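Trainee: Mind having a look at this structure? Questions to follow.
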Amino acid sequence: FFQFLESSSIKSFDVIVTANEQRAKIMAEYYNLRVKPTAINNIPLIREEKLLDLSEISPKYPELKKVFDSKTTFVYQGVITRIRQLDRILDLLSQTPNASLLLIGGGEEEYIDELRNHLRKSAFEHVLFLGKVAPIVLYSLLKHCDLGIISYSMNDYNNKFCAPNKIYEYASLQLPMVTTNQQLFKEVFKEYKIGITVS
């Protein structure tokens with residue numbers, strides 16, 4: 001339905017903006033456009049001098065101390081939903097000795113409960129579901145983590161050619177990452193060596 005609406009109007013626009021080069025190429029081919037859409041990456045501005053120290057955050061979230069006391073802290077931030085199949089990556093990472101897991105964000109409560117129960121049986125030393133937090137708290141926490149997780153499904157074009165700001169947030173805070181197998185991630189990691197993908 002939305003493709004129909006888009007196809008009936010898209011050629012009348014002077015400028016078409018999309019979230020990455022892969023999407024721009026697909027749109028140009030799918031809609032037979034004479035000019036490829038302009039790609040503007042979803043890059044947030046993070047000013048490290050504005051970030052909070054853990055001692056400023058911990059009073060509100062006292063459980064954080066156990067998470068960051070571990071040798072390694074993994075973090076996932078974003079929507080927690082079944083379609084993202086987080087358990088696949090988390091099961092792989094749970095084999096890491098002396099590691100804890102921090103999950104930041106809201107989502108499907110039923111799936112969050114299932115994931116919480118699943119992770120109780122994992123080898124993670126500590127698992128903390130933090131819910132949604134303010135951006136300044138999010139970036140301040142990411143700064144103290146050791147590896148960021150990005151997980152998307154492969155069930156449609158929107159997910160196959162995702163354009164998440166997470167990749168830029170993690171990279172700007174020098175946080176290596178493990179992601180699902182989208183083409184964008186494979187290309188970025190091949191050039192910049194800042195993460196790995198898992199199938």
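In the structure tokens, chains take letters A, B, ... by order of appearance, with residues numbered from 1 within each chain and ligands from 1 in the order shown.
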List the neighbours of A:Ala24 out to 7 Å using only C-alpha atoms; skip same-chain residues closer than 3 positions along the sequence, and give me the result as a PDB file with C-alpha atoms, in the first residue's frame.

Mentor:
```pdb
ATOM      1  CA  THR A  18      16.818   8.607   2.234  1.00  0.00           C
ATOM      2  CA  ASN A  20      21.726   5.457   3.365  1.00  0.00           C
ATOM      3  CA  GLU A  21      23.281   4.662  -0.017  1.00  0.00           C
ATOM      4  CA  MET A  27      14.627   3.429  -4.617  1.00  0.00           C
ATOM      5  CA  ALA A  28      16.267   4.636  -7.835  1.00  0.00           C
ATOM      6  CA  LYS A  36      19.268   8.821  -7.339  1.00  0.00           C
ATOM      7  CA  PRO A  37      17.913  10.017  -3.962  1.00  0.00           C
ATOM      8  CA  THR A  38      20.275  11.866  -1.651  1.00  0.00           C
ATOM      9  CA  ALA A  39      21.521   9.739   1.245  1.00  0.00           C
TER      10      ALA A  39
END
```

Trainee: Would you pick out the contacts of stretch 146-160 of chain A at 7 Å or less, using only C-alpha atoms, so that residues sharing its chain but fewer than 4 positions from it are not included, and give the list as a list in words?

Mentor: Thr72, Thr73, Phe74, Val75, Tyr76, Ile83, Arg84, Leu86, Tyr170, Leu175, Pro176, Met177, Val178, Thr179, Thr180 and Gln182 of chain A

Trainee: Keeping only N, CA and C atoms, write those residues as a PDB file, in the first residue's frame.

Mentor:
```
ATOM      1  N   THR A  72      33.912  -7.793  31.594  1.00  0.00           N
ATOM      2  CA  THR A  72      33.429  -7.340  30.291  1.00  0.00           C
ATOM      3  C   THR A  72      31.949  -7.006  30.399  1.00  0.00           C
ATOM      4  N   THR A  73      31.552  -5.877  29.813  1.00  0.00           N
ATOM      5  CA  THR A  73      30.147  -5.479  29.801  1.00  0.00           C
ATOM      6  C   THR A  73      29.672  -5.324  28.363  1.00  0.00           C
ATOM      7  N   PHE A  74      28.674  -6.136  27.992  1.00  0.00           N
ATOM      8  CA  PHE A  74      28.022  -6.017  26.695  1.00  0.00           C
ATOM      9  C   PHE A  74      26.786  -5.144  26.850  1.00  0.00           C
ATOM     10  N   VAL A  75      26.451  -4.396  25.796  1.00  0.00           N
ATOM     11  CA  VAL A  75      25.271  -3.541  25.867  1.00  0.00           C
ATOM     12  C   VAL A  75      24.456  -3.664  24.587  1.00  0.00           C
ATOM     13  N   TYR A  76      23.144  -3.725  24.765  1.00  0.00           N
ATOM     14  CA  TYR A  76      22.204  -3.587  23.651  1.00  0.00           C
ATOM     15  C   TYR A  76      21.339  -2.393  23.981  1.00  0.00           C
ATOM     16  N   ILE A  83      11.032  -9.833  16.801  1.00  0.00           N
ATOM     17  CA  ILE A  83      11.494  -9.873  15.417  1.00  0.00           C
ATOM     18  C   ILE A  83      13.002  -9.635  15.300  1.00  0.00           C
ATOM     19  N   ARG A  84      13.587  -9.008  16.307  1.00  0.00           N
ATOM     20  CA  ARG A  84      15.035  -8.755  16.269  1.00  0.00           C
ATOM     21  C   ARG A  84      15.869  -9.943  16.746  1.00  0.00           C
ATOM     22  N   LEU A  86      17.075 -11.192  19.446  1.00  0.00           N
ATOM     23  CA  LEU A  86      18.244 -10.874  20.274  1.00  0.00           C
ATOM     24  C   LEU A  86      18.878 -12.102  20.915  1.00  0.00           C
ATOM     25  N   TYR A 170      27.792   3.973  18.711  1.00  0.00           N
ATOM     26  CA  TYR A 170      28.839   3.084  19.202  1.00  0.00           C
ATOM     27  C   TYR A 170      30.212   3.519  18.690  1.00  0.00           C
ATOM     28  N   LEU A 175      33.292   2.190  20.724  1.00  0.00           N
ATOM     29  CA  LEU A 175      32.761   0.937  21.239  1.00  0.00           C
ATOM     30  C   LEU A 175      32.678  -0.080  20.097  1.00  0.00           C
ATOM     31  N   PRO A 176      33.499  -1.131  20.110  1.00  0.00           N
ATOM     32  CA  PRO A 176      33.393  -2.151  19.061  1.00  0.00           C
ATOM     33  C   PRO A 176      32.022  -2.812  19.140  1.00  0.00           C
ATOM     34  N   MET A 177      31.605  -3.447  18.056  1.00  0.00           N
ATOM     35  CA  MET A 177      30.240  -3.964  18.020  1.00  0.00           C
ATOM     36  C   MET A 177      30.140  -5.317  17.344  1.00  0.00           C
ATOM     37  N   VAL A 178      29.072  -6.024  17.694  1.00  0.00           N
ATOM     38  CA  VAL A 178      28.701  -7.265  17.023  1.00  0.00           C
ATOM     39  C   VAL A 178      27.274  -7.054  16.531  1.00  0.00           C
ATOM     40  N   THR A 179      27.033  -7.422  15.264  1.00  0.00           N
ATOM     41  CA  THR A 179      25.750  -7.116  14.641  1.00  0.00           C
ATOM     42  C   THR A 179      25.235  -8.310  13.852  1.00  0.00           C
ATOM     43  N   THR A 180      23.987  -8.204  13.434  1.00  0.00           N
ATOM     44  CA  THR A 180      23.451  -9.148  12.466  1.00  0.00           C
ATOM     45  C   THR A 180      24.075  -8.854  11.109  1.00  0.00           C
ATOM     46  N   GLN A 182      23.530  -7.655   8.077  1.00  0.00           N
ATOM     47  CA  GLN A 182      23.094  -6.713   7.037  1.00  0.00           C
ATOM     48  C   GLN A 182      24.277  -6.209   6.212  1.00  0.00           C
TER      49      GLN A 182
END
```

Trainee: Which residue out of A:Val198, A:Val17, A:Ile104, A:Ile43 has the minimum interatomic distance to A:Asn165 when only C-alpha atoms are used?

Mentor: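 For A:Asn165, the nearest of the candidates is A:Ile43.
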
Trainee: Can you list, as a VMD selection string, every residue of stretch 41-158 of chain A that DSSP puts in alpha helix (DSSP H)?

Mentor: chain A and resid 54 to 57 64 to 69 86 to 93 109 to 120 135 to 142 157 to 158

Trainee: Skip A:Glu48 itself and residues of its chain fewer than 5 positions away, then list as a VMD selection string all residues within 12 Å of it, counting only C-alpha atoms.

Mentor: chain A and resid 53 136 to 137 139 to 143 169 172 to 174

Trainee: Using only C-alpha atoms, which protein or nucleic acid residues come within 8 Å of stretch 8-13 of chain A? Drop anything in the same chain fewer than 4 positions from it, and give the result as number ranges by chain.

Mentor: A: 4, 31, 33

Trainee: So which one's closest to A:Glu187, A:Gln22, A:Leu90, A:Tyr111, A:Tyr61? Using only C-alpha atoms, please.

Mentor: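 Checking each of A:Gln22, A:Leu90, A:Tyr111, A:Tyr61 against A:Glu187, counting only C-alpha atoms, the winner is A:Gln22.
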
Trainee: I'd like to know which of A:Leu130, A:Val35, A:Leu103, A:Ile80 is closest to A:Glu63, using only C-alpha atoms.

Mentor: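 The shortest atom-to-atom distance to A:Glu63 comes from A:Leu130.
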
Trainee: Could you please write out, as a CSV table (one decimal) with N, CA and C atoms, in the first residue's frame, every residue of chain A that DSSP assigns to strand (DSSP E)?

Mentor:
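Printed below is part01.csv as written:
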```
chain,number,residue,atom,x,y,z
A,17,VAL,N,15.1,12.3,-0.2
A,17,VAL,CA,16.2,12.1,0.8
A,17,VAL,C,15.9,10.7,1.4
A,18,THR,N,17.0,9.9,1.6
A,18,THR,CA,16.8,8.6,2.2
A,18,THR,C,18.0,8.4,3.2
A,38,THR,N,19.1,11.4,-2.5
A,38,THR,CA,20.3,11.9,-1.7
A,38,THR,C,20.3,11.1,-0.3
A,39,ALA,N,21.4,10.5,0.0
A,39,ALA,CA,21.5,9.7,1.2
A,39,ALA,C,22.1,10.6,2.3
A,72,THR,N,33.9,-7.8,31.6
A,72,THR,CA,33.4,-7.3,30.3
A,72,THR,C,31.9,-7.0,30.4
A,73,THR,N,31.6,-5.9,29.8
A,73,THR,CA,30.1,-5.5,29.8
A,73,THR,C,29.7,-5.3,28.4
A,74,PHE,N,28.7,-6.1,28.0
A,74,PHE,CA,28.0,-6.0,26.7
A,74,PHE,C,26.8,-5.1,26.8
A,75,VAL,N,26.5,-4.4,25.8
A,75,VAL,CA,25.3,-3.5,25.9
A,75,VAL,C,24.5,-3.7,24.6
A,76,TYR,N,23.1,-3.7,24.8
A,76,TYR,CA,22.2,-3.6,23.7
A,76,TYR,C,21.3,-2.4,24.0
A,77,GLN,N,21.2,-1.5,23.0
A,77,GLN,CA,20.3,-0.4,23.2
A,77,GLN,C,19.3,-0.3,22.0
A,99,ALA,N,31.4,-12.0,32.1
A,99,ALA,CA,30.8,-10.9,31.3
A,99,ALA,C,29.4,-10.6,31.9
A,100,SER,N,29.0,-9.4,31.8
A,100,SER,CA,27.6,-9.0,32.2
A,100,SER,C,27.0,-8.3,31.0
A,101,LEU,N,25.6,-8.2,31.1
A,101,LEU,CA,24.8,-7.7,29.9
A,101,LEU,C,23.9,-6.6,30.4
A,102,LEU,N,23.9,-5.5,29.7
A,102,LEU,CA,23.1,-4.3,29.9
A,102,LEU,C,22.1,-4.1,28.7
A,103,LEU,N,20.8,-4.2,29.0
A,103,LEU,CA,19.8,-3.9,27.9
A,103,LEU,C,19.1,-2.7,28.2
A,104,ILE,N,19.2,-1.7,27.2
A,104,ILE,CA,18.6,-0.4,27.4
A,104,ILE,C,17.5,-0.2,26.4
A,126,HIS,N,25.8,-11.0,35.4
A,126,HIS,CA,24.7,-10.2,35.7
A,126,HIS,C,24.0,-9.7,34.4
A,127,VAL,N,22.7,-9.6,34.5
A,127,VAL,CA,21.9,-9.1,33.4
A,127,VAL,C,21.0,-8.0,33.9
A,128,LEU,N,21.0,-6.9,33.3
A,128,LEU,CA,20.2,-5.7,33.8
A,128,LEU,C,19.4,-5.2,32.6
A,129,PHE,N,18.0,-5.2,32.8
A,129,PHE,CA,17.1,-4.5,31.9
A,129,PHE,C,16.9,-3.1,32.4
A,130,LEU,N,17.3,-2.1,31.7
A,130,LEU,CA,17.3,-0.8,32.3
A,130,LEU,C,16.0,0.0,31.8
A,131,GLY,N,15.4,-0.4,30.8
A,131,GLY,CA,14.3,0.3,30.2
A,131,GLY,C,14.8,1.5,29.5
A,147,LEU,N,31.4,-3.7,24.5
A,147,LEU,CA,31.0,-4.1,23.2
A,147,LEU,C,29.5,-3.8,23.0
A,148,GLY,N,29.1,-3.2,21.9
A,148,GLY,CA,27.8,-2.9,21.6
A,148,GLY,C,27.1,-3.9,20.7
A,149,ILE,N,25.8,-4.2,20.9
A,149,ILE,CA,25.1,-5.2,20.1
A,149,ILE,C,24.1,-4.4,19.2
A,150,ILE,N,24.0,-4.8,17.9
A,150,ILE,CA,23.0,-4.4,17.0
A,150,ILE,C,22.3,-5.6,16.4
A,177,MET,N,31.6,-3.4,18.1
A,177,MET,CA,30.2,-4.0,18.0
A,177,MET,C,30.1,-5.3,17.3
A,178,VAL,N,29.1,-6.0,17.7
A,178,VAL,CA,28.7,-7.3,17.0
A,178,VAL,C,27.3,-7.1,16.5
A,179,THR,N,27.0,-7.4,15.3
A,179,THR,CA,25.8,-7.1,14.6
A,179,THR,C,25.2,-8.3,13.9
A,195,GLY,N,34.0,-3.8,14.0
A,195,GLY,CA,33.0,-4.8,14.5
A,195,GLY,C,33.0,-6.0,13.7
A,196,ILE,N,32.1,-7.0,14.1
A,196,ILE,CA,31.9,-8.2,13.3
A,196,ILE,C,30.4,-8.5,13.2
A,197,THR,N,30.1,-9.2,12.1
A,197,THR,CA,28.7,-9.7,11.9
A,197,THR,C,28.5,-11.1,12.2
```

Trainee: At what distance in Å, to one decimal, does atom CA of A:Ile16 lie from atom CA of A:Val188?

Mentor: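 Computing the Euclidean distance for atom CA of A:Val188 and atom CA of A:Ile16 yields 23.8 Å.
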
Trainee: If we count only C-alpha atoms and set the cut-off at 12 Å, which residues sit around A:Glu109, ignoring sequence neighbours fewer than 2 positions away in its own chain? Please answer as a compact mmCIF listing (two decimals) with C-alpha atoms, in the first residue's frame.

Mentor:
```txt
# COMPACT_ATOMS: atom_id res chain seq x y z
CA VAL A 79 13.69 -1.63 20.84
CA ILE A 80 13.50 -5.08 22.43
CA THR A 81 11.20 -7.04 20.17
CA ARG A 82 10.86 -10.66 19.08
CA GLY A 105 15.20 0.33 25.86
CA GLY A 106 11.55 -0.62 25.89
CA GLY A 107 9.61 -2.96 23.66
CA TYR A 111 9.16 -10.91 24.76
CA ILE A 112 11.14 -9.00 27.41
CA ASP A 113 9.79 -11.39 30.05
CA GLU A 114 10.72 -14.40 27.89
CA LEU A 115 14.19 -12.98 27.32
CA ARG A 116 14.60 -12.25 31.02
CA PHE A 129 17.12 -4.53 31.85
CA GLY A 131 14.26 0.32 30.23
```

Trainee: Extract, using only C-alpha atoms, all DNA, RNA and protein residues at most 10 Å from A:Tyr30, discarding same-chain residues fewer than 5 positions from it, and format them as a PDB file with all heavy atoms, in the first residue's frame.

Mentor:
```pdb
ATOM      1  N   GLN A   3       4.023   1.438  -0.816  1.00  0.00           N
ATOM      2  CA  GLN A   3       4.792   1.486  -2.065  1.00  0.00           C
ATOM      3  C   GLN A   3       3.946   2.083  -3.183  1.00  0.00           C
ATOM      4  O   GLN A   3       4.456   2.840  -4.017  1.00  0.00           O
ATOM      5  CB  GLN A   3       5.279   0.088  -2.446  1.00  0.00           C
ATOM      6  CG  GLN A   3       6.435  -0.390  -1.598  1.00  0.00           C
ATOM      7  CD  GLN A   3       6.865  -1.800  -1.957  1.00  0.00           C
ATOM      8  OE1 GLN A   3       6.059  -2.614  -2.382  1.00  0.00           O
ATOM      9  NE2 GLN A   3       8.135  -2.089  -1.776  1.00  0.00           N
ATOM     10  N   SER A   7       5.005   5.351  -5.090  1.00  0.00           N
ATOM     11  CA  SER A   7       5.261   5.301  -6.537  1.00  0.00           C
ATOM     12  C   SER A   7       4.393   6.279  -7.308  1.00  0.00           C
ATOM     13  O   SER A   7       4.786   6.774  -8.366  1.00  0.00           O
ATOM     14  CB  SER A   7       5.040   3.877  -7.066  1.00  0.00           C
ATOM     15  OG  SER A   7       3.688   3.496  -6.908  1.00  0.00           O
ATOM     16  N   ALA A  24      19.058   4.368  -1.206  1.00  0.00           N
ATOM     17  CA  ALA A  24      18.995   5.271  -2.359  1.00  0.00           C
ATOM     18  C   ALA A  24      19.056   4.484  -3.665  1.00  0.00           C
ATOM     19  O   ALA A  24      18.298   4.747  -4.607  1.00  0.00           O
ATOM     20  CB  ALA A  24      20.144   6.276  -2.291  1.00  0.00           C
ATOM     21  N   LYS A  25      19.928   3.504  -3.724  1.00  0.00           N
ATOM     22  CA  LYS A  25      20.067   2.680  -4.928  1.00  0.00           C
ATOM     23  C   LYS A  25      18.801   1.874  -5.197  1.00  0.00           C
ATOM     24  O   LYS A  25      18.324   1.795  -6.335  1.00  0.00           O
ATOM     25  CB  LYS A  25      21.269   1.744  -4.773  1.00  0.00           C
ATOM     26  CG  LYS A  25      21.558   0.912  -6.004  1.00  0.00           C
ATOM     27  CD  LYS A  25      22.779   0.026  -5.800  1.00  0.00           C
ATOM     28  CE  LYS A  25      23.011  -0.835  -7.044  1.00  0.00           C
ATOM     29  NZ  LYS A  25      24.149  -1.766  -6.847  1.00  0.00           N
TER      30      LYS A  25
END
```

Trainee: Of the candidates A:Leu119, A:Ile57, A:Leu184, A:Leu64, which one gets nearest to A:Cys162 if we count only C-alpha atoms?

Mentor: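 Checking each candidate against A:Cys162, we get A:Leu184 as the closest.
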